[in-house]
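Chemist: Sharing input_23.cif, mmCIF, C-alpha atoms:
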```
data_coords
loop_
_atom_site.label_atom_id
_atom_site.label_comp_id
_atom_site.auth_asym_id
_atom_site.auth_seq_id
_atom_site.Cartn_x
_atom_site.Cartn_y
_atom_site.Cartn_z
CA MET A 13 0.00 0.00 0.00
CA ARG A 14 1.36 3.37 -0.96
CA ILE A 15 1.21 6.14 1.63
CA THR A 16 0.62 9.56 0.17
CA ASN A 17 0.86 13.00 1.68
CA LYS A 18 -2.91 13.27 1.31
CA ASN A 19 -3.45 10.15 3.47
CA ILE A 20 -0.98 11.36 6.08
CA LEU A 21 -2.65 14.76 6.21
CA LEU A 22 -6.12 13.21 6.46
CA GLY A 23 -5.03 10.82 9.21
CA SER A 24 -3.38 13.64 11.14
CA ALA A 25 -6.47 15.83 10.84
CA ILE A 26 -8.73 13.04 12.13
CA ALA A 27 -6.39 12.26 15.04
CA LEU A 28 -6.19 15.94 15.93
CA ALA A 29 -9.97 16.36 15.78
CA LEU A 30 -10.53 13.32 17.98
CA GLY A 31 -7.90 14.46 20.44
CA PHE A 32 -9.48 17.88 20.90
CA SER A 33 -13.09 16.66 20.90
CA GLN A 34 -13.06 15.57 24.53
CA ALA A 35 -14.48 18.12 26.96
CA HIS A 36 -12.44 19.00 30.00
CA ALA A 37 -15.17 20.44 32.21
CA LYS A 38 -14.62 21.20 35.86
CA VAL A 39 -17.14 21.85 38.60
CA SER A 40 -16.64 23.90 41.71
CA ALA A 41 -16.36 22.27 45.13
CA ASP A 42 -19.80 23.69 46.00
CA GLU A 43 -21.37 22.04 42.95
CA ALA A 44 -19.63 18.74 43.67
CA ALA A 45 -20.92 18.85 47.27
CA ARG A 46 -24.50 18.95 45.91
CA LEU A 47 -24.10 15.49 44.36
CA GLY A 48 -26.25 13.03 46.29
CA LYS A 49 -28.17 15.85 47.97
CA ASP A 50 -30.30 17.92 45.56
CA LEU A 51 -28.52 16.41 42.53
CA THR A 52 -28.35 12.79 41.41
CA PRO A 53 -24.94 11.09 41.37
CA LEU A 54 -24.62 12.08 37.69
CA GLY A 55 -25.56 15.72 38.31
CA ALA A 56 -29.23 15.86 37.27
CA VAL A 57 -31.78 17.65 39.46
CA LYS A 58 -33.46 15.17 41.84
CA ALA A 59 -36.70 17.12 42.22
CA GLY A 60 -39.55 16.51 39.81
CA ASN A 61 -40.97 19.30 37.70
CA LYS A 62 -43.70 21.65 38.94
CA GLU A 63 -46.25 20.21 36.47
CA GLY A 64 -45.83 16.77 38.06
CA THR A 65 -45.12 15.08 34.73
CA ILE A 66 -41.56 14.22 35.79
CA PRO A 67 -41.40 12.54 39.21
CA GLU A 68 -38.67 13.04 41.79
CA TRP A 69 -35.67 10.74 41.35
CA THR A 70 -35.52 8.39 44.34
CA GLY A 71 -32.52 6.27 43.48
CA GLY A 72 -33.64 4.15 40.57
CA ILE A 73 -33.28 0.39 40.54
CA THR A 74 -31.05 -0.62 43.43
CA GLN A 75 -31.72 -4.37 43.67
CA PRO A 76 -31.87 -7.09 41.01
CA PRO A 77 -35.41 -8.17 40.08
CA ALA A 78 -36.88 -11.21 41.82
CA GLY A 79 -35.76 -14.42 40.17
CA TYR A 80 -32.74 -12.89 38.44
CA LYS A 81 -29.62 -15.06 38.38
CA PRO A 82 -26.19 -13.75 37.34
CA GLY A 83 -25.59 -14.67 33.72
CA ASP A 84 -29.28 -14.48 32.77
CA HIS A 85 -30.56 -11.85 30.37
CA HIS A 86 -31.66 -8.78 32.26
CA PRO A 87 -35.45 -8.79 32.61
CA ASP A 88 -37.52 -5.73 31.74
CA PRO A 89 -38.13 -3.96 35.08
CA PHE A 90 -41.03 -2.04 33.53
CA ALA A 91 -42.85 -4.94 31.85
CA ALA A 92 -46.06 -4.22 33.80
CA ASP A 93 -46.16 -0.55 32.77
CA LYS A 94 -48.92 0.37 30.34
CA PRO A 95 -48.78 3.29 27.87
CA LEU A 96 -50.38 6.50 29.11
CA PHE A 97 -51.28 7.80 25.65
CA THR A 98 -50.26 7.70 21.99
CA ILE A 99 -49.31 10.74 19.94
CA THR A 100 -50.31 10.55 16.28
CA ALA A 101 -50.54 13.05 13.43
CA LYS A 102 -54.21 13.53 14.39
CA ASN A 103 -53.48 14.74 17.95
CA VAL A 104 -49.93 16.10 17.55
CA ALA A 105 -51.11 19.71 18.02
CA GLN A 106 -52.12 18.85 21.59
CA TYR A 107 -48.52 17.85 22.43
CA ARG A 108 -46.62 20.22 20.10
CA LYS A 109 -44.98 22.20 22.94
CA TYR A 110 -43.36 19.00 24.28
CA LEU A 111 -41.97 17.74 20.95
CA THR A 112 -38.72 18.50 19.14
CA ASP A 113 -38.53 19.85 15.60
CA GLY A 114 -37.34 16.42 14.45
CA GLN A 115 -40.31 14.64 16.01
CA LEU A 116 -42.72 17.14 14.46
CA ALA A 117 -41.05 16.60 11.08
CA MET A 118 -41.60 12.84 11.41
CA PHE A 119 -45.32 13.38 12.03
CA LYS A 120 -45.48 15.65 8.99
CA ARG A 121 -43.55 13.28 6.72
CA TYR A 122 -45.22 10.04 7.86
CA PRO A 123 -48.70 11.10 9.08
CA ASP A 124 -50.26 7.67 8.56
CA THR A 125 -47.58 5.51 10.16
CA PHE A 126 -45.48 7.49 12.65
CA LYS A 127 -46.65 7.48 16.26
CA MET A 128 -45.15 7.93 19.71
CA ILE A 129 -46.36 5.65 22.48
CA VAL A 130 -45.86 7.42 25.79
#
```
Go through the file and emit its structure as structure tokens.
Modeler:
Amino acid sequence: MRITNKNILLGSAIALALGFSQAHAKVSADEAARLGKDLTPLGAVKAGNKEGTIPEWTGGITQPPAGYKPGDHHPDPFAADKPLFTITAKNVAQYRKYLTDGQLAMFKRYPDTFKMIV
């Protein structure tokens, strides 16, 4: 295989881009102290929203489901949950303020087949 200057330049540019793409964010000691208190261990707000549509985070799944054995496939912890509602092109206006531009575009492009089960 013949190595050309173009390939070397391209490889160098990709390596440089990948090397600089990582964020080096720092938080203050005060912000770090909030972890586990009013913030989740990953830094999200623990409290639910004022509308009540997002509940307070209480720790998530902390124990394996009943009957689980190491090595088994992980069972669905939400198998008993039922959908609350379905958004379709017919009722999308009702939920428009909660949807992204991309989701709205999907409803517009595929009005007969695209739906969101919530």
Chemist: Compile the contact shell of Trp69 of chain A as a PyMOL selection string: residues with an atom at most 10 Å away, counting all atoms listed in the file, same-chain residues fewer than 3 positions apart removed.
Modeler: chain A and resi 50-52+56-60+66+72
Chemist: Pick the closest to Asp88 of chain A from A:Ile73, A:Leu54, A:Ala101, A:Ile129: which is it, counting only C-alpha atoms?
Modeler: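 Closest to Asp88 of chain A of all the choices is A:Ile73.
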Chemist: Using only C-alpha atoms, which residue out of A:Met128, A:Glu63, A:Lys120, A:Leu111 lies closest to Pro95 of chain A?
Modeler: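 Under the stated criterion, the closest residue is A:Met128.
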Chemist: One decimal, Å: what's the distance from atom CA of Gly64 of chain A over to atom CA of Phe90 of chain A, could you say?
Modeler: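 Separation of atom CA of Gly64 of chain A and atom CA of Phe90 of chain A: 19.9 Å.
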Chemist: Calculated over only C-alpha atoms, which of the candidates A:Pro76, A:Gly83, A:Gly48, A:Pro123 has the smallest distance to Lys102 of chain A?
Modeler: A:Pro123
Chemist: Tell me, in Å to one decimal, how far atom CA of Phe97 of chain A is from atom CA of Thr112 of chain A.
Modeler: 17.7 Å
